[in-house]
$ cat query_8.txt   # compact mmCIF, C-alpha atoms
# COMPACT_ATOMS: atom_id res chain seq x y z
CA MET X 1 25.65 -8.47 9.85
CA THR X 2 22.39 -7.64 8.05
CA ARG X 3 21.73 -8.66 4.49
CA ALA X 4 21.88 -6.05 1.75
CA ARG X 5 18.51 -7.18 0.37
CA VAL X 6 15.51 -8.67 2.13
CA ASN X 7 14.31 -11.20 -0.41
CA GLU X 8 11.18 -12.17 1.51
CA ILE X 9 9.81 -8.63 1.24
CA ASP X 10 9.49 -9.00 -2.54
CA LEU X 11 7.44 -12.16 -2.14
CA LEU X 12 5.24 -10.60 0.55
CA ARG X 13 4.60 -7.56 -1.63
CA PHE X 14 3.41 -9.79 -4.48
CA LEU X 15 1.16 -11.87 -2.22
CA ALA X 16 -0.37 -8.68 -0.81
CA ALA X 17 -1.14 -7.39 -4.31
CA LEU X 18 -2.61 -10.73 -5.34
CA ALA X 19 -4.83 -10.78 -2.24
CA VAL X 20 -6.24 -7.38 -3.22
CA VAL X 21 -6.87 -8.60 -6.78
CA PHE X 22 -8.84 -11.59 -5.50
CA PHE X 23 -10.74 -9.33 -3.10
CA HIS X 24 -11.89 -7.04 -5.90
CA TYR X 25 -12.65 -9.72 -8.48
CA ALA X 26 -14.30 -12.37 -6.32
CA TYR X 27 -15.91 -10.27 -3.58
CA ARG X 28 -15.89 -6.46 -3.76
CA GLY X 29 -16.94 -6.22 -7.41
CA PRO X 30 -20.12 -8.29 -7.21
CA ALA X 31 -20.94 -7.37 -3.58
CA GLY X 32 -20.62 -3.65 -4.27
CA GLY X 33 -22.46 -3.72 -7.59
CA PHE X 34 -19.34 -2.80 -9.59
CA SER X 35 -19.14 -6.14 -11.37
CA ALA X 36 -21.98 -8.12 -12.88
CA MET X 37 -20.06 -11.38 -12.54
CA PRO X 38 -20.32 -13.21 -9.20
CA TYR X 39 -17.64 -15.71 -8.22
CA PRO X 40 -19.04 -17.50 -5.14
CA LEU X 41 -16.36 -20.21 -5.28
CA LEU X 42 -13.78 -17.85 -3.79
CA ALA X 43 -15.92 -15.06 -2.32
CA PRO X 44 -15.84 -16.25 1.34
CA VAL X 45 -12.02 -16.30 1.31
CA ALA X 46 -11.51 -13.34 -1.01
CA GLU X 47 -13.55 -11.14 1.34
CA TYR X 48 -10.45 -10.95 3.56
CA GLY X 49 -8.19 -9.91 0.69
CA PHE X 50 -8.61 -6.21 1.51
CA LEU X 51 -6.16 -6.80 4.36
CA GLY X 52 -3.45 -7.03 1.72
CA VAL X 53 -3.39 -3.22 1.84
CA GLU X 54 -2.52 -3.32 5.55
CA LEU X 55 0.35 -5.67 4.68
CA PHE X 56 1.43 -3.21 1.97
CA PHE X 57 1.61 -0.47 4.60
CA MET X 58 3.73 -2.65 6.87
CA ILE X 59 6.10 -3.42 4.00
CA SER X 60 6.21 0.28 3.15
CA GLY X 61 7.18 1.13 6.72
CA PHE X 62 10.09 -1.30 6.47
CA VAL X 63 11.30 -0.38 2.99
CA VAL X 64 10.80 3.40 3.14
CA LEU X 65 12.65 3.78 6.42
CA MET X 66 15.40 1.58 5.00
CA THR X 67 15.65 3.85 1.96
CA ALA X 68 15.65 7.03 4.02
CA ALA X 69 18.23 5.72 6.48
CA ALA X 70 20.50 4.61 3.65
CA SER X 71 20.43 7.95 1.83
CA ALA X 72 20.01 10.22 4.90
CA ARG X 73 19.44 13.09 2.44
CA LEU X 74 16.07 14.63 1.69
CA ARG X 75 16.88 15.16 -1.99
CA ASP X 76 17.93 11.55 -2.55
CA PHE X 77 14.93 10.23 -0.66
CA CYS X 78 12.45 12.33 -2.64
CA ILE X 79 14.03 11.34 -5.94
CA SER X 80 13.90 7.66 -5.02
CA ARG X 81 10.20 7.88 -4.18
CA VAL X 82 9.27 9.83 -7.32
CA VAL X 83 11.19 7.41 -9.53
CA ARG X 84 9.66 4.41 -7.79
CA LEU X 85 6.07 5.63 -8.00
CA TYR X 86 5.43 7.86 -10.98
CA PRO X 87 6.61 6.11 -14.19
CA ALA X 88 4.46 3.03 -13.51
CA PHE X 89 1.61 5.15 -12.16
CA TRP X 90 1.45 7.44 -15.19
CA THR X 91 1.44 4.41 -17.49
CA CYS X 92 -1.22 2.50 -15.56
CA CYS X 93 -3.39 5.59 -15.14
CA THR X 94 -3.28 6.18 -18.90
CA ILE X 95 -4.13 2.54 -19.65
CA THR X 96 -7.08 2.68 -17.24
CA PHE X 97 -8.33 5.94 -18.77
CA LEU X 98 -8.20 4.54 -22.31
CA ALA X 99 -9.78 1.25 -21.25
CA SER X 100 -12.63 3.09 -19.51
CA ILE X 101 -13.45 4.86 -22.76
CA ALA X 102 -12.91 1.88 -25.07
CA LEU X 103 -14.68 -0.83 -23.06
CA ALA X 104 -17.56 1.15 -21.60
CA ALA X 105 -17.81 4.26 -23.77
CA ARG X 106 -17.97 6.14 -20.48
CA ARG X 107 -18.89 9.77 -20.88
CA ASP X 108 -18.40 10.48 -17.20
CA VAL X 109 -14.63 9.93 -17.49
CA THR X 110 -13.12 13.17 -18.72
CA PHE X 111 -9.66 14.25 -19.77
CA VAL X 112 -9.60 16.74 -16.90
CA GLN X 113 -10.29 13.93 -14.45
CA TYR X 114 -7.50 11.91 -16.05
CA ALA X 115 -5.07 14.85 -15.89
CA VAL X 116 -5.78 15.48 -12.21
CA ASN X 117 -5.45 11.78 -11.43
CA MET X 118 -2.01 11.82 -13.00
CA THR X 119 -0.83 13.94 -10.05
CA MET X 120 -1.52 10.93 -7.79
CA VAL X 121 -3.33 13.19 -5.32
CA ALA X 122 -6.71 13.61 -7.01
CA ASP X 123 -8.40 13.19 -3.63
CA LEU X 124 -6.92 16.50 -2.51
CA PHE X 125 -8.73 18.22 -5.40
CA ARG X 126 -11.96 16.28 -4.73
CA VAL X 127 -11.75 14.73 -8.18
CA PRO X 128 -13.07 11.15 -8.55
CA LEU X 129 -10.38 8.48 -8.83
CA LEU X 130 -10.04 6.66 -12.14
CA GLU X 131 -9.13 3.53 -10.22
CA GLY X 132 -10.50 2.75 -6.78
CA ALA X 133 -7.17 1.33 -5.63
CA TYR X 134 -5.55 4.78 -5.92
CA TRP X 135 -6.92 5.78 -2.49
CA SER X 136 -4.00 4.12 -0.71
CA LEU X 137 -1.39 6.13 -2.62
CA LEU X 138 -2.27 9.33 -0.78
CA VAL X 139 -1.92 7.44 2.50
CA GLU X 140 1.54 6.34 1.39
CA ILE X 141 2.48 9.89 0.43
CA ARG X 142 1.46 11.13 3.87
CA PHE X 143 3.81 8.56 5.39
CA TYR X 144 6.60 9.70 3.05
CA ALA X 145 6.00 13.24 4.28
CA LEU X 146 6.54 12.16 7.89
CA VAL X 147 9.78 10.40 6.96
CA ALA X 148 10.85 13.43 4.93
CA ALA X 149 10.23 15.61 8.00
CA LEU X 150 12.76 13.51 9.94
CA LEU X 151 15.25 14.05 7.14
CA VAL X 152 14.62 17.80 7.18
CA ILE X 153 15.38 18.04 10.90
CA GLY X 154 18.28 15.60 10.61
CA GLN X 155 16.72 12.98 12.89
CA ILE X 156 16.30 9.96 10.62
CA HIS X 157 18.81 7.96 12.68
CA GLN X 158 16.70 8.69 15.77
CA ALA X 159 13.59 7.27 14.10
CA GLN X 160 12.76 4.95 16.98
CA ARG X 161 12.18 7.89 19.31
CA TYR X 162 9.67 9.39 16.88
CA LEU X 163 7.99 6.05 16.24
CA VAL X 164 7.33 5.80 19.98
CA MET X 165 5.88 9.30 20.04
CA TRP X 166 3.73 8.53 17.00
CA LEU X 167 2.46 5.30 18.53
CA LEU X 168 1.63 6.92 21.87
CA ALA X 169 -0.26 9.73 20.15
CA CYS X 170 -2.32 7.21 18.15
CA ILE X 171 -3.04 5.13 21.26
CA ALA X 172 -4.24 8.31 22.97
CA LEU X 173 -6.55 9.04 20.03
CA ALA X 174 -7.86 5.47 20.14
CA LEU X 175 -8.61 5.77 23.86
CA LEU X 176 -10.20 9.16 23.28
CA SER X 177 -12.58 7.58 20.79
CA LEU X 178 -13.96 5.45 23.63
CA PHE X 179 -15.16 8.60 25.38
CA PRO X 180 -16.85 10.72 22.69
CA ASP X 181 -18.24 13.17 25.23
CA ALA X 182 -14.71 14.09 26.27
CA SER X 183 -13.41 14.42 22.72
CA ALA X 184 -11.78 17.50 21.28
CA PRO X 185 -13.70 19.53 18.67
CA ALA X 186 -14.49 17.31 15.70
CA GLY X 187 -12.63 19.50 13.20
CA ALA X 188 -9.43 19.64 15.24
CA LEU X 189 -9.59 15.92 15.94
CA HIS X 190 -9.98 15.16 12.25
CA VAL X 191 -6.90 17.23 11.41
CA VAL X 192 -4.82 15.45 14.04
CA ARG X 193 -6.00 12.02 12.90
CA THR X 194 -5.17 12.92 9.30
CA LEU X 195 -1.69 14.21 10.13
CA LEU X 196 -0.93 11.10 12.16
CA ILE X 197 -2.44 8.74 9.55
CA PHE X 198 -4.36 7.36 12.52
CA ASP X 199 -6.29 4.63 10.69
CA TYR X 200 -3.14 2.97 9.33
CA ALA X 201 -0.34 4.24 11.57
CA ALA X 202 -0.03 0.90 13.38
CA TYR X 203 1.12 -0.80 10.19
CA PHE X 204 3.66 1.83 9.18
CA ILE X 205 5.03 1.90 12.73
CA ALA X 206 5.24 -1.89 12.83
CA GLY X 207 7.04 -2.10 9.50
CA ALA X 208 9.49 0.65 10.41
CA THR X 209 10.16 -1.01 13.78
CA CYS X 210 10.81 -4.32 12.04
CA PHE X 211 13.41 -2.55 9.91
CA LEU X 212 15.09 -1.26 13.07
CA ILE X 213 15.06 -4.80 14.52
CA TRP X 214 16.53 -6.10 11.25
CA LYS X 215 19.20 -3.39 11.27
CA LYS X 216 20.05 -3.03 14.97
CA GLY X 217 18.74 -6.11 16.74
CA ALA X 218 15.75 -7.13 18.83
CA ALA X 219 16.13 -4.81 21.80
CA MET X 220 13.27 -4.93 24.29
CA SER X 221 12.37 -1.34 23.48
CA ARG X 222 11.79 -2.20 19.80
CA LEU X 223 9.82 -5.34 20.61
CA THR X 224 7.66 -3.26 22.94
CA VAL X 225 6.93 -0.75 20.17
CA LEU X 226 6.03 -3.61 17.84
CA ALA X 227 3.73 -5.11 20.46
CA GLY X 228 2.08 -1.71 20.97
CA ALA X 229 1.51 -1.35 17.22
CA TRP X 230 0.00 -4.84 17.14
CA GLY X 231 -2.36 -3.96 19.98
CA LEU X 232 -3.44 -0.77 18.23
CA ALA X 233 -4.03 -2.69 14.97
CA LEU X 234 -6.21 -5.24 16.75
CA PHE X 235 -8.18 -2.49 18.49
CA GLN X 236 -8.84 -0.79 15.16
CA SER X 237 -9.72 -4.09 13.47
CA GLY X 238 -12.97 -4.08 15.42
CA VAL X 239 -13.87 -0.74 13.86
CA ILE X 240 -13.10 -2.16 10.41
CA VAL X 241 -15.30 -5.22 10.92
CA ARG X 242 -18.22 -3.14 12.19
CA LYS X 243 -17.91 -0.75 9.27
CA VAL X 244 -17.84 -3.55 6.68
CA ARG X 245 -20.87 -5.24 8.22
CA ALA X 246 -22.77 -1.94 8.32
CA GLU X 247 -22.04 -1.29 4.64
CA ASN X 248 -22.94 -4.80 3.48
CA ALA X 249 -25.57 -6.81 5.32
CA MET X 250 -24.47 -9.93 3.39
CA SER X 251 -20.92 -9.74 4.69
CA THR X 252 -19.59 -12.86 6.42
CA LEU X 253 -16.49 -11.10 7.74
CA ASN X 254 -15.37 -12.76 10.97
CA ALA X 255 -13.60 -10.61 13.56
CA GLY X 256 -11.55 -13.55 14.83
CA ILE X 257 -10.23 -14.34 11.36
CA VAL X 258 -9.33 -10.69 10.78
CA ILE X 259 -7.40 -10.65 14.06
CA GLY X 260 -5.68 -13.90 13.10
CA ILE X 261 -4.62 -12.57 9.69
CA LEU X 262 -3.31 -9.29 11.11
CA THR X 263 -1.42 -11.18 13.81
CA LEU X 264 0.10 -13.40 11.13
CA PHE X 265 1.34 -10.28 9.32
CA PHE X 266 3.10 -9.09 12.48
CA VAL X 267 4.62 -12.51 13.15
CA VAL X 268 5.91 -12.90 9.59
CA MET X 269 7.41 -9.42 9.54
CA LEU X 270 9.10 -10.08 12.89
CA LEU X 271 10.52 -13.38 11.63
CA ILE X 272 11.91 -11.55 8.62
CA ALA X 273 13.42 -8.86 10.83
CA LEU X 274 15.03 -11.53 13.03
CA GLY X 275 16.33 -13.48 10.03
CA ARG X 276 14.29 -16.53 11.04
CA THR X 277 12.68 -17.36 7.69
CA GLY X 278 15.11 -20.16 6.91
CA SER X 279 15.73 -21.19 3.34
CA LEU X 280 13.04 -18.80 2.10
CA ALA X 281 15.46 -15.93 2.69
CA ARG X 282 17.93 -17.40 0.20
CA TYR X 283 15.52 -17.31 -2.73
CA ARG X 284 15.28 -14.11 -4.72
CA TRP X 285 11.87 -12.82 -5.81
CA PRO X 286 12.75 -9.56 -7.57
CA LEU X 287 10.29 -9.96 -10.43
CA ALA X 288 7.42 -10.79 -8.08
CA GLY X 289 8.17 -7.67 -6.08
CA ALA X 290 8.63 -5.52 -9.17
CA ILE X 291 5.28 -6.33 -10.79
CA SER X 292 3.26 -6.01 -7.59
CA TYR X 293 2.93 -2.23 -7.87
CA PRO X 294 1.66 -2.09 -11.49
CA LEU X 295 -0.53 -5.11 -10.75
CA TYR X 296 -2.15 -3.21 -7.89
CA LEU X 297 -2.62 -0.11 -10.04
CA LEU X 298 -4.05 -1.84 -13.11
CA HIS X 299 -6.36 -4.59 -12.03
CA GLN X 300 -9.54 -3.22 -10.49
CA ASN X 301 -11.60 -1.13 -12.91
CA ILE X 302 -10.30 -2.84 -16.04
CA GLY X 303 -11.34 -6.16 -14.54
CA TYR X 304 -14.81 -4.86 -13.76
CA LEU X 305 -15.15 -3.46 -17.29
CA VAL X 306 -14.20 -6.81 -18.83
CA PHE X 307 -16.54 -8.77 -16.57
CA ASN X 308 -19.45 -6.44 -17.29
CA ARG X 309 -18.79 -6.52 -21.01
CA PHE X 310 -18.48 -10.29 -21.50
CA TYR X 311 -20.40 -11.98 -18.69
CA PRO X 312 -22.54 -14.13 -18.90
CA THR X 313 -21.75 -14.78 -22.56
CA VAL X 314 -18.32 -16.03 -21.52
CA SER X 315 -17.79 -18.51 -18.69
CA ALA X 316 -17.16 -16.91 -15.30
CA HIS X 317 -14.21 -19.24 -14.68
CA LEU X 318 -12.61 -18.31 -17.99
CA LEU X 319 -13.16 -14.61 -17.40
CA PHE X 320 -11.92 -14.70 -13.79
CA TRP X 321 -8.70 -16.62 -14.31
CA GLY X 322 -8.12 -15.16 -17.75
CA MET X 323 -8.33 -11.65 -16.32
CA ILE X 324 -5.88 -12.50 -13.56
CA ALA X 325 -3.44 -13.82 -16.15
CA ALA X 326 -4.01 -10.72 -18.29
CA VAL X 327 -3.32 -8.21 -15.50
CA LEU X 328 -0.24 -10.17 -14.43
CA GLY X 329 0.99 -9.97 -18.02
CA ALA X 330 0.16 -6.27 -18.25
CA ALA X 331 1.97 -5.59 -14.98
CA TYR X 332 5.02 -7.41 -16.29
CA GLY X 333 4.85 -5.34 -19.47
CA VAL X 334 4.70 -2.07 -17.52
CA HIS X 335 7.70 -3.13 -15.47
CA VAL X 336 9.83 -4.20 -18.44
CA LEU X 337 8.81 -1.56 -20.97
CA VAL X 338 8.46 1.44 -18.66
CA GLU X 339 10.12 1.02 -15.28
CA ARG X 340 13.27 -0.72 -16.50
CA ARG X 341 13.69 1.65 -19.44
CA PHE X 342 12.83 5.00 -17.95
CA ALA X 343 13.24 4.88 -14.16
CA SER X 344 17.04 5.15 -14.22
CA ARG X 345 16.91 7.95 -16.81
CA MET X 346 14.37 9.81 -14.73
CA LYS X 347 16.57 9.43 -11.65
CA THR X 348 19.57 10.80 -13.54
CA CYS X 349 17.59 13.80 -14.80
CA LEU X 350 16.12 14.61 -11.40
CA THR X 351 19.47 14.23 -9.67
CA GLY X 352 21.09 16.59 -12.15
CA ALA X 353 18.26 19.11 -11.93
CA LEU X 354 18.32 19.17 -8.11
CA MET X 355 22.07 18.98 -7.65
CA GLY X 356 22.31 22.64 -6.74
CA PHE X 357 19.68 22.49 -4.02
CA PRO X 358 21.02 22.18 -0.47
CA THR X 359 19.73 19.29 1.60
CA PRO X 360 20.06 18.69 5.32
CA ALA X 361 22.33 15.92 6.51
CA ALA X 362 21.18 13.46 9.10
CA LYS X 363 22.51 13.73 12.64
CA LYS X 364 23.93 10.49 13.93
$ encode --input "query_8.txt" --output "structure tokens"
Amino acid sequence: MTRARVNEIDLLRFLAALAVVFFHYAYRGPAGGFSAMPYPLLAPVAEYGFLGVELFFMISGFVVLMTAAASARLRDFCISRVVRLYPAFWTCCTITFLASIALAARRDVTFVQYAVNMTMVADLFRVPLLEGAYWSLLVEIRFYALVAALLVIGQIHQAQRYLVMWLLACIALALLSLFPDASAPAGALHVVRTLLIFDYAAYFIAGATCFLIWKKGAAMSRLTVLAGAWGLALFQSGVIVRKVRAENAMSTLNAGIVIGILTLFFVVMLLIALGRTGSLARYRWPLAGAISYPLYLLHQNIGYLVFNRFYPTVSAHLLFWGMIAAVLGAAYGVHVLVERRFASRMKTCLTGALMGFPTPAAKK
């Protein structure tokens, strides 16, 4: 009998968000010239914090497929995603826009840019992002679209079959990249890679497979899919390391450590799926999970603005840890004042407004 709530996922989500915060504050900001405040004490470790996004995608694969399988209705799934994403996003986007004007008197940040960013898909309109971290939201939305497609055709309860097809297609693309002379036309290949979310598919597939293991058991077929996703992730990790080193000659990123961290993600998610996390599974971490999303949305540019404004007048240690405490507090405020107050009302309104629209039922 599976548990109704996977407590460990909330804790993992928070740790992933915190890893990204440390990556931006201690490494990416100063290394990329976005922040004037170096923090060498943590930089060698924080450099690996970008992998928190890959963990986010794995968690998303687990949770989103769980949500879709539970509702089995396109309308309910879409409402749940809109309610989960937009109230906090609109609030955090507005805070970032106002902070950009107040702290830096930035004339390059316009109201039009802010308005387009509020759609969450500013990249589609080629409009600069107000917050660098927003790039991953469009990746998430593309994954939601694939899950929604299964709901449309009534195949959500046959998700494993489509995960296998998705994985095999991505492995084929990865192998094709080894033989550039035999590749398809660049434009067509780019479209296929985009539709399949090629760069991050391994993590979504792994997370979704872990949900199936959690729900239905560790059949050999599911473990094989998970192993295939792990292999694809490790293959692509080499591309990531080479890209990072090419962009920053000072990078100390170690390929072995990256592989070790990614492997740890897969092992932890499998242990969760198998119910082998011991006493950790009995502890509830709802608040940690709840604030992770606004924390991710809020921290980056506001942190850079504060560091650039007050360093070196103010101690780097005080600024660094004070900013982490501040964004944690702000994330908690967004959750309590916005998500708790308005998410349920928004869900009620959307449900009422869409009640008359037909939605396909899943085929079991």
$ atom_distance --input "query_8.txt" --atom1 "CA of Leu226 in chain X" --atom2 "CA of Gly207 in chain X"
8.5 Å
$ closest_residue --input "query_8.txt" --among "X:Tyr86, X:Tyr25, X:Phe111, X:Phe77" --to "Leu98 in chain X" --atoms "all atoms listed in the file"
X:Phe111
$ residues_around --input "query_8.txt" --residues "Ala233 in chain X" --least-positions-apart "6" --cutoff "9 Å" --atoms "only C-alpha atoms" --output "ChimeraX atom specification"
/X:199-203,259,262-263
$ residues_around --input "query_8.txt" --residues "Ala133 in chain X" --least-positions-apart "6" --cutoff "9 Å" --atoms "only C-alpha atoms" --output "PyMOL selection string"
chain X and resi 296-301
$ atom_distance --input "query_8.txt" --atom1 "CA of Val314 in chain X" --atom2 "CA of Met37 in chain X"
10.3 Å
$ residues_around --input "query_8.txt" --residues "Ala218 in chain X" --least-positions-apart "4" --cutoff "10 Å" --atoms "only C-alpha atoms" --output "PyMOL selection string"
chain X and resi 209-210+212-214+222-224+270+273-274
$ residues_around --input "query_8.txt" --residues "Gln113 in chain X" --least-positions-apart "5" --cutoff "12 Å" --atoms "all atoms listed in the file" --output "PyMOL selection string"
chain X and resi 93-94+97+107-108+118-123+125-131
